[in-house]
>>> print(open('model_0.cif').read())   # mmCIF, C-alpha atoms and all ligand atoms
data_query
#
loop_
_atom_site.label_atom_id
_atom_site.label_comp_id
_atom_site.auth_asym_id
_atom_site.auth_seq_id
_atom_site.Cartn_x
_atom_site.Cartn_y
_atom_site.Cartn_z
CA MET A 1 11.13 9.12 -0.64
CA ALA A 2 11.47 5.37 -0.09
CA ALA A 3 8.76 5.34 2.59
CA ALA A 4 6.51 7.43 0.36
CA GLY A 5 7.28 4.97 -2.45
CA SER A 6 6.23 2.09 -0.24
CA ALA A 7 3.02 3.82 0.73
CA VAL A 8 2.09 4.92 -2.78
CA GLY A 9 1.14 1.82 -4.73
CA LEU A 10 -1.72 -0.09 -6.27
CA GLY A 11 -3.61 0.67 -3.06
CA ASN A 12 -3.68 4.35 -4.01
CA ILE A 13 -4.09 4.27 -7.74
CA TRP A 14 -6.21 1.14 -8.07
CA GLY A 15 -7.73 0.47 -4.63
CA PHE A 16 -8.72 3.93 -3.48
CA PRO A 17 -10.45 5.26 -6.62
CA THR A 18 -12.30 2.00 -7.29
CA GLN A 19 -13.54 1.79 -3.71
CA ALA A 20 -14.52 5.45 -3.78
CA ALA A 21 -16.43 4.77 -6.99
CA SER A 22 -18.46 1.96 -5.47
CA ASN A 23 -18.92 3.53 -1.99
CA GLY A 24 -20.65 6.82 -2.62
CA GLY A 25 -17.78 8.87 -4.14
CA ALA A 26 -16.96 11.84 -1.94
CA ALA A 27 -18.50 10.17 1.14
CA PHE A 28 -15.78 7.55 0.96
CA LEU A 29 -13.20 10.27 0.36
CA ILE A 30 -14.20 12.11 3.54
CA VAL A 31 -14.21 8.99 5.74
CA TYR A 32 -10.88 7.93 4.25
CA LEU A 33 -9.31 11.32 4.94
CA VAL A 34 -10.53 11.33 8.54
CA LEU A 35 -9.29 7.78 9.18
CA ALA A 36 -5.96 8.39 7.46
CA PHE A 37 -5.14 11.37 9.68
CA THR A 38 -6.62 10.15 12.94
CA LEU A 39 -5.72 6.45 12.81
CA ALA A 40 -3.21 5.65 10.12
CA TYR A 41 -0.83 8.56 10.80
CA PRO A 42 -0.50 7.80 14.54
CA ALA A 43 0.01 4.11 13.76
CA LEU A 44 2.63 5.00 11.13
CA MET A 45 4.46 7.10 13.72
CA ALA A 46 4.47 4.18 16.16
CA GLU A 47 6.22 1.98 13.58
CA LEU A 48 8.72 4.62 12.46
CA ILE A 49 9.75 5.58 16.02
CA LEU A 50 10.07 2.01 17.27
CA GLY A 51 12.03 1.02 14.16
CA ARG A 52 14.49 3.87 14.51
CA HIS A 53 14.94 3.20 18.20
CA ALA A 54 15.68 -0.48 17.71
CA HIS A 55 17.60 -0.09 14.45
CA ALA A 56 16.29 -3.57 13.75
CA ASN A 57 13.35 -5.48 12.26
CA ALA A 58 9.91 -5.84 13.89
CA VAL A 59 10.67 -9.17 15.61
CA THR A 60 13.66 -7.75 17.53
CA ALA A 61 12.11 -4.29 17.98
CA LEU A 62 8.83 -5.48 19.51
CA ALA A 63 10.59 -7.94 21.82
CA GLY A 64 12.99 -5.20 22.93
CA THR A 65 10.26 -2.95 24.33
CA SER A 66 9.91 -4.96 27.54
CA ARG A 67 11.84 -7.11 30.00
CA ASN A 68 8.82 -9.27 30.73
CA PRO A 69 9.28 -12.68 29.00
CA VAL A 70 5.59 -13.02 28.12
CA ALA A 71 5.47 -9.57 26.51
CA GLN A 72 8.70 -10.38 24.68
CA TRP A 73 7.28 -13.63 23.38
CA ILE A 74 4.05 -12.00 22.15
CA GLY A 75 6.06 -9.19 20.54
CA ARG A 76 8.35 -11.63 18.78
CA SER A 77 5.37 -13.68 17.55
CA ALA A 78 3.59 -10.57 16.24
CA GLY A 79 6.78 -9.66 14.36
CA VAL A 80 6.94 -13.13 12.82
CA VAL A 81 3.25 -13.01 11.81
CA GLY A 82 3.98 -9.56 10.34
CA PHE A 83 6.71 -10.81 8.06
CA ILE A 84 4.60 -13.78 6.95
CA VAL A 85 1.73 -11.39 6.15
CA ALA A 86 4.12 -9.05 4.27
CA SER A 87 5.28 -12.03 2.17
CA LEU A 88 1.69 -13.10 1.49
CA ILE A 89 0.75 -9.56 0.47
CA LEU A 90 3.66 -9.62 -1.97
CA SER A 91 2.46 -12.96 -3.36
CA PHE A 92 -0.85 -11.49 -4.57
CA TYR A 93 0.57 -8.04 -5.27
CA ALA A 94 3.08 -9.54 -7.73
CA ILE A 95 0.19 -11.14 -9.66
CA VAL A 96 -1.72 -7.86 -10.00
CA ALA A 97 1.46 -5.92 -10.77
CA GLY A 98 2.25 -8.52 -13.45
CA TRP A 99 -1.10 -7.71 -15.11
CA MET A 100 -0.19 -4.02 -15.07
CA MET A 101 3.09 -4.80 -16.83
CA SER A 102 1.43 -7.03 -19.40
CA HIS A 103 -1.16 -4.34 -20.17
CA CYS A 104 1.66 -1.82 -20.56
CA LEU A 105 3.48 -4.11 -23.01
CA SER A 106 0.23 -4.81 -24.83
CA ALA A 107 -0.14 -1.08 -25.49
CA ILE A 108 3.36 -1.05 -27.01
CA ALA A 109 2.56 -4.17 -29.07
CA SER A 110 -0.59 -2.50 -30.48
CA LEU A 111 1.31 0.68 -31.27
CA VAL A 112 3.77 -1.30 -33.43
CA GLY A 113 0.99 -3.35 -35.01
CA ALA A 114 1.62 -6.72 -33.30
CA ASN A 115 -2.08 -7.22 -32.67
CA ASP A 116 -2.08 -10.94 -31.84
CA LEU A 117 0.57 -10.44 -29.21
CA ALA A 118 -1.29 -7.41 -27.85
CA ARG A 119 -4.45 -9.52 -27.47
CA TRP A 120 -2.60 -12.40 -25.77
CA LEU A 121 -1.05 -9.96 -23.30
CA VAL A 122 -4.41 -8.73 -22.03
CA GLU A 123 -6.23 -12.07 -22.01
CA PHE A 124 -6.54 -13.80 -18.65
CA GLY A 125 -4.46 -16.98 -19.04
CA LEU A 126 -2.23 -19.08 -16.82
CA ALA A 127 0.86 -18.74 -19.02
CA ARG A 128 0.61 -14.97 -19.19
CA ASN A 129 -0.16 -14.67 -15.48
CA LEU A 130 2.79 -16.84 -14.49
CA LEU A 131 5.20 -15.17 -16.86
CA PHE A 132 4.43 -11.63 -15.73
CA MET A 133 4.26 -12.49 -12.04
CA ALA A 134 7.75 -14.00 -12.41
CA LEU A 135 9.01 -10.96 -14.34
CA PHE A 136 7.73 -8.58 -11.72
CA MET A 137 9.20 -10.67 -8.90
CA GLY A 138 12.49 -10.69 -10.80
CA LEU A 139 12.55 -6.88 -10.88
CA THR A 140 11.70 -6.67 -7.18
CA VAL A 141 14.42 -9.18 -6.31
CA ALA A 142 16.98 -7.30 -8.43
CA ILE A 143 16.37 -4.00 -6.61
CA ILE A 144 16.40 -5.54 -3.11
CA HIS A 145 19.52 -7.49 -4.05
CA ALA A 146 21.33 -4.19 -4.68
CA GLY A 147 20.78 -3.19 -1.04
CA VAL A 148 19.19 -0.29 0.82
CA ARG A 149 21.14 2.63 -0.66
CA ASP A 150 21.83 1.38 -4.18
CA GLY A 151 18.56 -0.49 -4.55
CA ILE A 152 15.67 0.84 -2.46
CA GLU A 153 16.72 4.49 -2.12
CA ARG A 154 18.11 4.95 -5.61
CA TRP A 155 15.11 3.41 -7.38
CA SER A 156 12.49 5.02 -5.16
CA SER A 157 13.93 8.47 -5.78
CA ARG A 158 14.08 7.86 -9.52
CA LEU A 159 10.66 6.29 -9.91
CA MET A 160 8.54 8.46 -7.60
CA PRO A 161 8.93 11.77 -9.50
CA LEU A 162 8.26 9.88 -12.73
CA LEU A 163 5.07 8.49 -11.21
CA LEU A 164 3.86 11.92 -10.12
CA ILE A 165 4.53 13.50 -13.53
CA THR A 166 2.74 10.69 -15.40
CA LEU A 167 -0.24 10.90 -13.04
CA VAL A 168 -0.61 14.67 -13.35
CA LEU A 169 -0.37 14.55 -17.16
CA LEU A 170 -3.00 11.82 -17.33
CA VAL A 171 -5.37 13.72 -15.01
CA ILE A 172 -5.06 16.88 -17.08
CA TYR A 173 -5.72 14.96 -20.28
CA VAL A 174 -8.74 13.02 -18.99
CA LEU A 175 -10.35 16.14 -17.52
CA THR A 176 -10.45 17.71 -20.98
CA LEU A 177 -12.58 14.88 -22.39
CA ASP A 178 -16.39 14.82 -22.74
CA GLY A 179 -18.14 13.25 -19.78
CA ALA A 180 -15.30 13.90 -17.33
CA MET A 181 -17.26 16.56 -15.44
CA GLN A 182 -19.98 14.09 -14.54
CA GLY A 183 -17.36 11.81 -12.97
CA LEU A 184 -15.93 14.76 -11.11
CA ARG A 185 -19.34 15.51 -9.69
CA VAL A 186 -19.74 11.94 -8.42
CA TYR A 187 -16.29 12.13 -6.87
CA LEU A 188 -16.79 15.47 -5.16
CA MET A 189 -20.49 15.45 -4.16
CA PRO A 190 -20.83 13.29 -1.07
CA ASP A 191 -23.70 10.87 -0.69
CA MET A 192 -23.73 11.32 3.09
CA ALA A 193 -26.25 8.54 3.68
CA SER A 194 -23.59 5.99 2.77
CA ALA A 195 -20.76 7.78 4.63
CA LEU A 196 -21.59 6.19 7.93
CA SER A 197 -22.48 2.70 6.81
CA PRO A 198 -20.29 0.09 8.55
CA LYS A 199 -19.31 -1.43 5.21
CA LEU A 200 -17.91 1.87 4.01
CA VAL A 201 -16.04 2.60 7.24
CA ILE A 202 -14.48 -0.87 7.26
CA SER A 203 -13.29 -0.64 3.68
CA ALA A 204 -11.98 2.88 4.28
CA LEU A 205 -10.01 1.68 7.33
CA GLY A 206 -8.61 -1.33 5.47
CA SER A 207 -7.78 0.98 2.58
CA ALA A 208 -5.96 3.48 4.82
CA PHE A 209 -3.92 0.76 6.56
CA PHE A 210 -3.04 -0.96 3.32
CA SER A 211 -2.25 2.31 1.66
CA LEU A 212 0.20 3.41 4.37
CA SER A 213 1.82 -0.08 4.38
CA LEU A 214 0.99 -0.53 8.08
CA GLY A 215 0.97 -3.47 10.44
CA VAL A 216 3.44 -5.73 8.69
CA GLY A 217 6.71 -4.11 9.76
CA THR A 218 7.48 -2.37 6.46
CA MET A 219 7.47 1.11 7.89
CA LEU A 220 9.26 -0.18 10.98
CA ILE A 221 12.12 -1.50 8.91
CA TYR A 222 12.32 1.73 6.90
CA GLY A 223 12.27 3.58 10.25
CA SER A 224 15.26 1.51 11.33
CA TYR A 225 17.22 2.86 8.35
CA ILE A 226 16.36 6.54 9.04
CA SER A 227 19.14 8.74 10.43
CA ASP A 228 18.90 9.78 14.09
CA LYS A 229 18.93 13.44 13.01
CA GLU A 230 15.63 13.15 11.16
CA ASN A 231 12.54 14.79 12.68
CA LEU A 232 10.17 11.82 12.71
CA PRO A 233 6.77 13.50 13.20
CA VAL A 234 7.53 15.72 10.20
CA ALA A 235 8.87 12.83 8.05
CA GLY A 236 5.81 10.70 8.93
CA GLY A 237 3.51 13.65 8.18
CA LEU A 238 5.11 14.07 4.76
CA VAL A 239 4.71 10.39 3.93
CA THR A 240 1.04 10.48 4.99
CA GLY A 241 0.50 13.67 3.02
CA VAL A 242 2.07 12.30 -0.17
CA ASP A 243 0.18 9.03 0.17
CA ILE A 244 -3.20 10.67 0.64
CA GLY A 245 -2.42 13.29 -2.00
CA ILE A 246 -1.65 10.67 -4.64
CA ALA A 247 -4.75 8.63 -3.76
CA VAL A 248 -6.96 11.71 -4.05
CA LEU A 249 -5.23 12.68 -7.31
CA ALA A 250 -5.74 9.18 -8.70
CA GLY A 251 -9.46 9.64 -7.93
CA PHE A 252 -9.40 12.67 -10.25
CA LEU A 253 -8.14 10.34 -12.98
CA VAL A 254 -10.16 7.17 -12.50
CA LEU A 255 -13.65 8.49 -11.71
CA PRO A 256 -13.77 11.04 -14.54
CA ALA A 257 -12.28 8.36 -16.84
CA MET A 258 -15.20 6.06 -16.00
CA TYR A 259 -17.73 8.65 -17.07
CA VAL A 260 -15.75 9.48 -20.20
CA ALA A 261 -16.01 5.77 -20.92
CA LEU A 262 -19.79 5.91 -20.34
CA ASN A 263 -19.97 8.90 -22.66
CA ASN A 264 -18.10 6.87 -25.30
CA GLY A 265 -20.57 4.00 -25.06
CA VAL A 266 -18.70 1.69 -22.67
CA ASP A 267 -20.83 0.00 -19.99
CA ILE A 268 -19.81 1.05 -16.49
CA PHE A 269 -22.83 -0.20 -14.55
CA ALA A 270 -23.50 -3.80 -13.52
CA ALA A 271 -26.92 -5.40 -14.07
CA ASP A 272 -28.13 -4.32 -10.60
CA GLY A 273 -27.40 -0.67 -11.38
CA SER A 274 -24.28 -0.44 -9.20
CA LEU A 275 -20.99 0.75 -10.60
CA LEU A 276 -18.57 -1.84 -11.88
CA SER A 277 -15.58 -1.84 -9.64
CA GLU A 278 -12.22 -3.23 -8.65
CA ASP A 279 -10.67 -5.47 -11.30
CA THR A 280 -13.50 -4.96 -13.81
CA LEU A 281 -12.91 -1.25 -13.65
CA ILE A 282 -9.18 -1.18 -14.30
CA PHE A 283 -8.94 -4.19 -16.58
CA ALA A 284 -12.19 -3.85 -18.53
CA VAL A 285 -13.60 -0.30 -18.38
CA LEU A 286 -10.33 1.58 -18.77
CA PRO A 287 -8.94 -0.50 -21.67
CA ALA A 288 -12.34 -0.19 -23.39
CA LEU A 289 -12.09 3.56 -22.89
CA PHE A 290 -8.58 3.69 -24.33
CA GLU A 291 -9.84 1.78 -27.38
CA THR A 292 -12.53 4.38 -28.04
CA MET A 293 -9.86 7.11 -28.09
CA GLY A 294 -8.32 5.92 -31.34
CA ALA A 295 -4.58 6.51 -31.85
CA THR A 296 -4.05 8.58 -28.68
CA GLY A 297 -5.73 5.80 -26.68
CA GLY A 298 -2.72 3.53 -27.20
CA LEU A 299 -0.37 6.14 -25.82
CA VAL A 300 -2.62 6.96 -22.86
CA SER A 301 -2.97 3.26 -22.07
CA LEU A 302 0.80 2.85 -22.21
CA CYS A 303 1.30 5.76 -19.77
CA PHE A 304 -1.42 4.54 -17.41
CA PHE A 305 -0.19 0.98 -17.05
CA PHE A 306 3.42 2.17 -16.90
CA LEU A 307 2.39 4.38 -13.98
CA MET A 308 0.72 1.43 -12.27
CA SER A 309 3.77 -0.77 -12.74
CA ILE A 310 6.12 1.82 -11.21
CA ALA A 311 3.81 2.43 -8.26
CA ALA A 312 3.68 -1.31 -7.66
CA LEU A 313 7.44 -1.72 -7.83
CA THR A 314 8.29 0.92 -5.20
CA SER A 315 5.81 -0.85 -2.88
CA SER A 316 6.81 -4.43 -3.61
CA ILE A 317 10.45 -3.73 -2.75
CA SER A 318 9.35 -2.58 0.71
CA MET A 319 7.38 -5.81 1.20
CA LEU A 320 10.30 -8.03 0.23
CA GLU A 321 12.66 -6.07 2.48
CA VAL A 322 10.64 -7.18 5.55
CA PRO A 323 11.47 -10.93 5.46
CA VAL A 324 14.89 -10.21 3.94
CA ALA A 325 15.93 -7.82 6.75
CA TYR A 326 14.74 -10.33 9.35
CA THR A 327 16.74 -13.19 7.83
CA ILE A 328 19.86 -11.03 7.48
CA GLU A 329 19.67 -9.49 10.96
CA ASN A 330 18.48 -12.44 13.03
CA HIS A 331 19.97 -15.40 11.20
CA GLY A 332 23.16 -13.93 9.77
CA VAL A 333 22.29 -14.91 6.17
CA ARG A 334 24.00 -12.84 3.41
CA ARG A 335 21.76 -10.38 1.56
CA HIS A 336 22.07 -11.96 -1.89
CA ARG A 337 21.22 -15.43 -0.61
CA ALA A 338 18.32 -14.20 1.58
CA VAL A 339 16.83 -12.21 -1.33
CA LEU A 340 17.05 -15.10 -3.79
CA VAL A 341 15.65 -17.79 -1.49
CA ILE A 342 12.79 -15.64 -0.18
CA GLY A 343 12.03 -14.25 -3.66
CA VAL A 344 11.71 -17.78 -5.07
CA LEU A 345 9.57 -18.93 -2.14
CA ILE A 346 7.16 -16.03 -2.57
CA ALA A 347 6.99 -16.65 -6.34
CA LEU A 348 6.06 -20.26 -5.52
CA VAL A 349 3.21 -19.06 -3.30
CA SER A 350 2.06 -16.76 -6.13
CA THR A 351 2.13 -19.78 -8.46
CA ILE A 352 -0.07 -21.78 -6.07
CA ILE A 353 -2.50 -18.84 -5.93
CA LEU A 354 -2.56 -18.65 -9.72
CA LEU A 355 -3.19 -22.39 -10.03
CA ASN A 356 -6.18 -22.11 -7.66
CA PHE A 357 -7.14 -18.61 -8.61
CA SER A 358 -10.87 -18.62 -7.90
CA THR A 359 -10.50 -19.95 -4.36
CA LEU A 360 -7.23 -18.44 -3.20
CA PHE A 361 -6.85 -14.98 -4.72
CA GLY A 362 -9.70 -13.23 -2.90
CA LEU A 363 -9.08 -15.24 0.25
CA VAL A 364 -5.41 -14.23 0.56
CA ILE A 365 -6.31 -10.57 -0.02
CA ALA A 366 -9.06 -10.64 2.63
CA VAL A 367 -7.03 -12.50 5.24
CA THR A 368 -3.98 -10.28 4.86
CA THR A 369 -5.40 -6.83 4.27
CA ARG A 370 -8.82 -6.89 5.91
CA TYR A 371 -7.99 -8.85 9.04
CA SER A 372 -4.25 -9.20 9.65
CA GLN A 373 -3.13 -5.64 8.90
CA PRO A 374 -5.52 -3.82 11.28
CA LEU A 375 -4.97 -6.45 14.01
CA LEU A 376 -1.18 -6.21 13.76
CA GLY A 377 -1.54 -2.42 13.71
CA PHE A 378 -3.42 -2.83 16.98
CA VAL A 379 -0.48 -4.77 18.47
CA PHE A 380 1.97 -2.04 17.41
CA CYS A 381 -0.20 0.62 19.10
CA ILE A 382 -0.33 -1.40 22.34
CA TYR A 383 3.41 -2.09 22.36
CA VAL A 384 4.49 1.48 21.62
CA GLY A 385 1.71 3.07 23.70
CA TRP A 386 1.60 0.84 26.78
CA ILE A 387 4.52 -1.55 26.97
CA TRP A 388 7.40 0.60 25.81
CA HIS A 389 8.61 3.04 28.47
CA ARG A 390 7.32 6.56 27.85
CA ASP A 391 10.69 8.19 28.69
CA SER A 392 12.48 6.05 26.18
CA LEU A 393 9.87 6.96 23.56
CA LEU A 394 10.34 10.66 24.27
CA GLN A 395 14.14 10.38 24.14
CA GLU A 396 13.91 8.67 20.76
CA LEU A 397 11.73 11.46 19.35
CA GLN A 398 13.98 14.16 20.82
CA ARG A 399 17.01 12.94 18.87
CA GLY A 400 15.77 14.55 15.67
CA ALA A 401 13.25 16.93 17.24
CA PRO A 402 14.74 18.46 20.44
CA ASN A 403 11.66 20.59 21.16
CA VAL A 404 9.12 17.86 20.63
CA GLU A 405 8.01 17.84 24.28
CA SER A 406 6.39 21.24 23.92
CA THR A 407 4.66 20.47 20.61
CA LEU A 408 1.05 19.61 19.93
CA PHE A 409 2.25 16.26 18.64
CA TRP A 410 3.60 15.16 22.02
CA THR A 411 0.54 16.53 23.85
CA ILE A 412 -1.90 14.52 21.77
CA TRP A 413 -0.20 11.60 20.08
CA PRO A 414 0.84 9.34 23.02
CA TRP A 415 -2.67 9.30 24.49
CA HIS A 416 -4.26 9.03 21.14
CA LEU A 417 -2.09 6.00 20.36
CA ARG A 418 -2.81 4.42 23.75
CA LEU A 419 -6.56 4.82 23.81
CA VAL A 420 -8.20 6.10 20.67
CA CYS A 421 -6.34 4.06 18.03
CA PRO A 422 -6.70 0.61 19.65
CA ALA A 423 -10.33 1.27 20.58
CA ILE A 424 -11.37 2.36 17.09
CA ILE A 425 -9.42 -0.42 15.35
CA LEU A 426 -11.10 -3.02 17.57
CA LEU A 427 -14.53 -1.50 17.17
CA ILE A 428 -14.32 -1.47 13.41
CA PHE A 429 -12.81 -4.93 13.40
CA VAL A 430 -15.60 -6.42 15.51
CA GLN A 431 -18.16 -4.78 13.22
CA SER A 432 -16.45 -6.33 10.20
CA ILE A 433 -16.59 -9.91 11.47
CA ARG A 434 -20.14 -9.79 12.83
N1 LIG B 1 1.02 0.68 0.50
C1 LIG B 1 1.04 -0.17 -0.61
C2 LIG B 1 -0.03 0.28 -1.61
O1 LIG B 1 -0.72 1.23 -1.41
C3 LIG B 1 0.83 -1.61 -0.27
C4 LIG B 1 1.67 -2.16 0.83
C5 LIG B 1 1.07 -2.86 1.86
C6 LIG B 1 3.06 -2.02 0.83
C7 LIG B 1 1.82 -3.40 2.89
C8 LIG B 1 3.82 -2.57 1.84
C9 LIG B 1 3.20 -3.27 2.87
O2 LIG B 1 -0.19 -0.31 -2.63
#
>>> encode(input="model_0.cif", output="structure tokens")
Amino acid sequence: MAAAGSAVGLGNIWGFPTQAASNGGAAFLIVYLVLAFTLAYPALMAELILGRHAHANAVTALAGTSRNPVAQWIGRSAGVVGFIVASLILSFYAIVAGWMMSHCLSAIASLVGANDLARWLVEFGLARNLLFMALFMGLTVAIIHAGVRDGIERWSSRLMPLLLITLVLLVIYVLTLDGAMQGLRVYLMPDMASALSPKLVISALGSAFFSLSLGVGTMLIYGSYISDKENLPVAGGLVTGVDIGIAVLAGFLVLPAMYVALNNGVDIFAADGSLLSEDTLIFAVLPALFETMGATGGLVSLCFFFLMSIAALTSSISMLEVPVAYTIENHGVRRHRAVLVIGVLIALVSTIILLNFSTLFGLVIAVTTRYSQPLLGFVFCIYVGWIWHRDSLLQELQRGAPNVESTLFWTIWPWHLRLVCPAIILLIFVQSIR
């Protein structure tokens, strides 16, 4: 549940539907599904297995795969880069999650008639941005402070079912509104011409890696907390399934909602005829849609942004756990001190981003999610596929799955991880920087 909570986040409910909307609807969906199963799932397995074997963070785990000092050094460095990237991801994630919380509170403020407050909460301003980033970081710190069982596991298993229920209710409601069917058509009828464009494939790969929390050691650290009795290929399959399922479900909410908005007179196309996307979509089109719905709109808006805030929280705790686990395990720092110091440092980085918003925000997102995550994912594939001894890998899997050697998973996965995953990641990466 915790790993599924990490995977399901703004990437699924915000990132996936908005990218699908601007990249040919169902075409993006198909490419995303293919990449998620063929690339992201094998890479997720690599992290989970290595984490459980090492029972330690990525820095120690990667270095422990080999006796060769050079390989150990590169592994350790990749682990360190991973925890820096995880912290940087949290620094922008906390800003966006803060907006989700402020929109949620704004809906409550409007419902009770505090209209000035409601307006202030949705207006882009430094004070509001800082306040809500700090609030969100405070919540994340509080959960991580409580530890793995009482913090991460308890809150993930409470919040995830709540998220699913809210999402399903919202989808059902939006699909009953006028205009929704047109959105559904865009979502489900593929524009195959755009399916193979490099731009689409690159964003779908980035999306799949971000969505499954790969490359930065998050899943590795969760793997290190999994019991030895657990069947890892099945657990990883479930996490992938839930993650993809929620992203696809969120598409059934956001795309129809856009066309309901169009039906209600809200502009959803930019001047050049393309669909508005990303932040404009969630923070302009959807609120405008909720406004056109009259009294129910306030309630729907409240539910939607509440959903977003929960999804963000179960992911942000997994990001903060990466540097925290490293500091506890490798430097003997106590949990409460590690959490506080790292939490404050990351909030400071978020503050710097907010103070230089136009230059830094997009840059940090691109550097961390478009470049670092796939490249670090590549390193994990190489270490688990080539450097780690195959017998040791098999033994690790057999702990929770004694018959794994005769399964399809063991026949395909090791070779797939050694050859196919690194090759495709590199190919797509080279395309993206050309
Ligand atoms: N998977 C999360 C999402 O979809 C984001 C995330 C990335 C979480 C990296 C942890 C590490 O929003």
>>> residues_near_ligand(input="model_0.cif", ligand="ligand LIG 1 (chain B)", cutoff="7 Å", atoms="all atoms listed in the file", output="ChimeraX atom specification")
/A:6-12,86,89,210-214,216,218,312,315-316,318-319
>>> closest_atom_pairs(input="model_0.cif", of="range 259-323 of chain A", to="range 116-133 of chain A", cutoff="10 Å", atoms="all atoms listed in the file", output="tab-separated table")
residue	atom	partner	partner_atom	distance
A:Phe283	CA	A:Val122	CA	8.4
A:Ala284	CA	A:Val122	CA	9.8
A:Pro287	CA	A:Val122	CA	9.4
>>> closest_residue(input="model_0.cif", among="A:Ala261, A:Met160, A:Leu238, A:Val404", to="Leu44 in chain A", atoms="all atoms listed in the file")
A:Leu238
>>> atom_distance(input="model_0.cif", atom1="CA of Pro323 in chain A", atom2="CA of Val80 in chain A")
8.9 Å
>>> atom_distance(input="model_0.cif", atom1="CA of Val322 in chain A", atom2="CA of Phe83 in chain A")
5.9 Å
>>> atom_distance(input="model_0.cif", atom1="CA of Lys229 in chain A", atom2="CA of Gly400 in chain A")
4.3 Å
>>> residues_around(input="model_0.cif", residues="Ser301 in chain A", least_positions_apart="5", cutoff="12 Å", atoms="only C-alpha atoms", output="PDB file with C-alpha atoms, in the coordinates of the input")
ATOM      1  CA  MET A 100      -0.190  -4.020 -15.070  1.00  0.00           C
ATOM      2  CA  MET A 101       3.090  -4.800 -16.830  1.00  0.00           C
ATOM      3  CA  SER A 102       1.430  -7.030 -19.400  1.00  0.00           C
ATOM      4  CA  HIS A 103      -1.160  -4.340 -20.170  1.00  0.00           C
ATOM      5  CA  CYS A 104       1.660  -1.820 -20.560  1.00  0.00           C
ATOM      6  CA  LEU A 105       3.480  -4.110 -23.010  1.00  0.00           C
ATOM      7  CA  SER A 106       0.230  -4.810 -24.830  1.00  0.00           C
ATOM      8  CA  ALA A 107      -0.140  -1.080 -25.490  1.00  0.00           C
ATOM      9  CA  ILE A 108       3.360  -1.050 -27.010  1.00  0.00           C
ATOM     10  CA  ALA A 109       2.560  -4.170 -29.070  1.00  0.00           C
ATOM     11  CA  SER A 110      -0.590  -2.500 -30.480  1.00  0.00           C
ATOM     12  CA  LEU A 111       1.310   0.680 -31.270  1.00  0.00           C
ATOM     13  CA  THR A 166       2.740  10.690 -15.400  1.00  0.00           C
ATOM     14  CA  LEU A 170      -3.000  11.820 -17.330  1.00  0.00           C
ATOM     15  CA  VAL A 174      -8.740  13.020 -18.990  1.00  0.00           C
ATOM     16  CA  ALA A 257     -12.280   8.360 -16.840  1.00  0.00           C
ATOM     17  CA  ILE A 282      -9.180  -1.180 -14.300  1.00  0.00           C
ATOM     18  CA  PHE A 283      -8.940  -4.190 -16.580  1.00  0.00           C
ATOM     19  CA  VAL A 285     -13.600  -0.300 -18.380  1.00  0.00           C
ATOM     20  CA  LEU A 286     -10.330   1.580 -18.770  1.00  0.00           C
ATOM     21  CA  PRO A 287      -8.940  -0.500 -21.670  1.00  0.00           C
ATOM     22  CA  ALA A 288     -12.340  -0.190 -23.390  1.00  0.00           C
ATOM     23  CA  LEU A 289     -12.090   3.560 -22.890  1.00  0.00           C
ATOM     24  CA  PHE A 290      -8.580   3.690 -24.330  1.00  0.00           C
ATOM     25  CA  GLU A 291      -9.840   1.780 -27.380  1.00  0.00           C
ATOM     26  CA  THR A 292     -12.530   4.380 -28.040  1.00  0.00           C
ATOM     27  CA  MET A 293      -9.860   7.110 -28.090  1.00  0.00           C
ATOM     28  CA  GLY A 294      -8.320   5.920 -31.340  1.00  0.00           C
ATOM     29  CA  ALA A 295      -4.580   6.510 -31.850  1.00  0.00           C
ATOM     30  CA  THR A 296      -4.050   8.580 -28.680  1.00  0.00           C
ATOM     31  CA  PHE A 306       3.420   2.170 -16.900  1.00  0.00           C
ATOM     32  CA  LEU A 307       2.390   4.380 -13.980  1.00  0.00           C
ATOM     33  CA  MET A 308       0.720   1.430 -12.270  1.00  0.00           C
TER      34      MET A 308
END
>>> residues_near_point(input="model_0.cif", point="(6.2, -7.8, 20.0)", cutoff="12 Å", atoms="all atoms listed in the file", output="ChimeraX atom specification")
/A:47,50,57-82,215-217,376-384,386-388
>>> closest_atom_pairs(input="model_0.cif", of="range 197-262 of chain A", to="range 142-149 of chain A", cutoff="12 Å", atoms="only C-alpha atoms", output="CSV")
residue,atom,partner,partner_atom,distance
A:Ile221,CA,A:Val148,CA,10.8
A:Tyr222,CA,A:Val148,CA,9.4
A:Ser224,CA,A:Val148,CA,11.4
A:Tyr225,CA,A:Val148,CA,8.4
A:Ile226,CA,A:Val148,CA,11.1
>>> closest_residue(input="model_0.cif", among="A:Tyr371, A:Phe361, A:Phe252, A:Tyr32", to="Phe92 in chain A", atoms="all atoms listed in the file")
A:Phe361
>>> residues_near_point(input="model_0.cif", point="(19.4, -10.0, 4.6)", cutoff="10 Å", atoms="all atoms listed in the file", output="count of residues only")
23
>>> residues_around(input="model_0.cif", residues="Thr368 in chain A", least_positions_apart="2", cutoff="9 Å", atoms="all atoms listed in the file", output="PyMOL selection string")
chain A and resi 85-86+88-89+363-366+370-373
>>> residues_around(input="model_0.cif", residues="range 35-39 of chain A", least_positions_apart="2", cutoff="7 Å", atoms="all atoms listed in the file", output="PyMOL selection string")
chain A and resi 31-33+41-43+205+208+421
>>> closest_residue(input="model_0.cif", among="A:Met192, A:Met45, A:Ala94, A:Ala56", to="Ile30 in chain A", atoms="all atoms listed in the file")
A:Met192
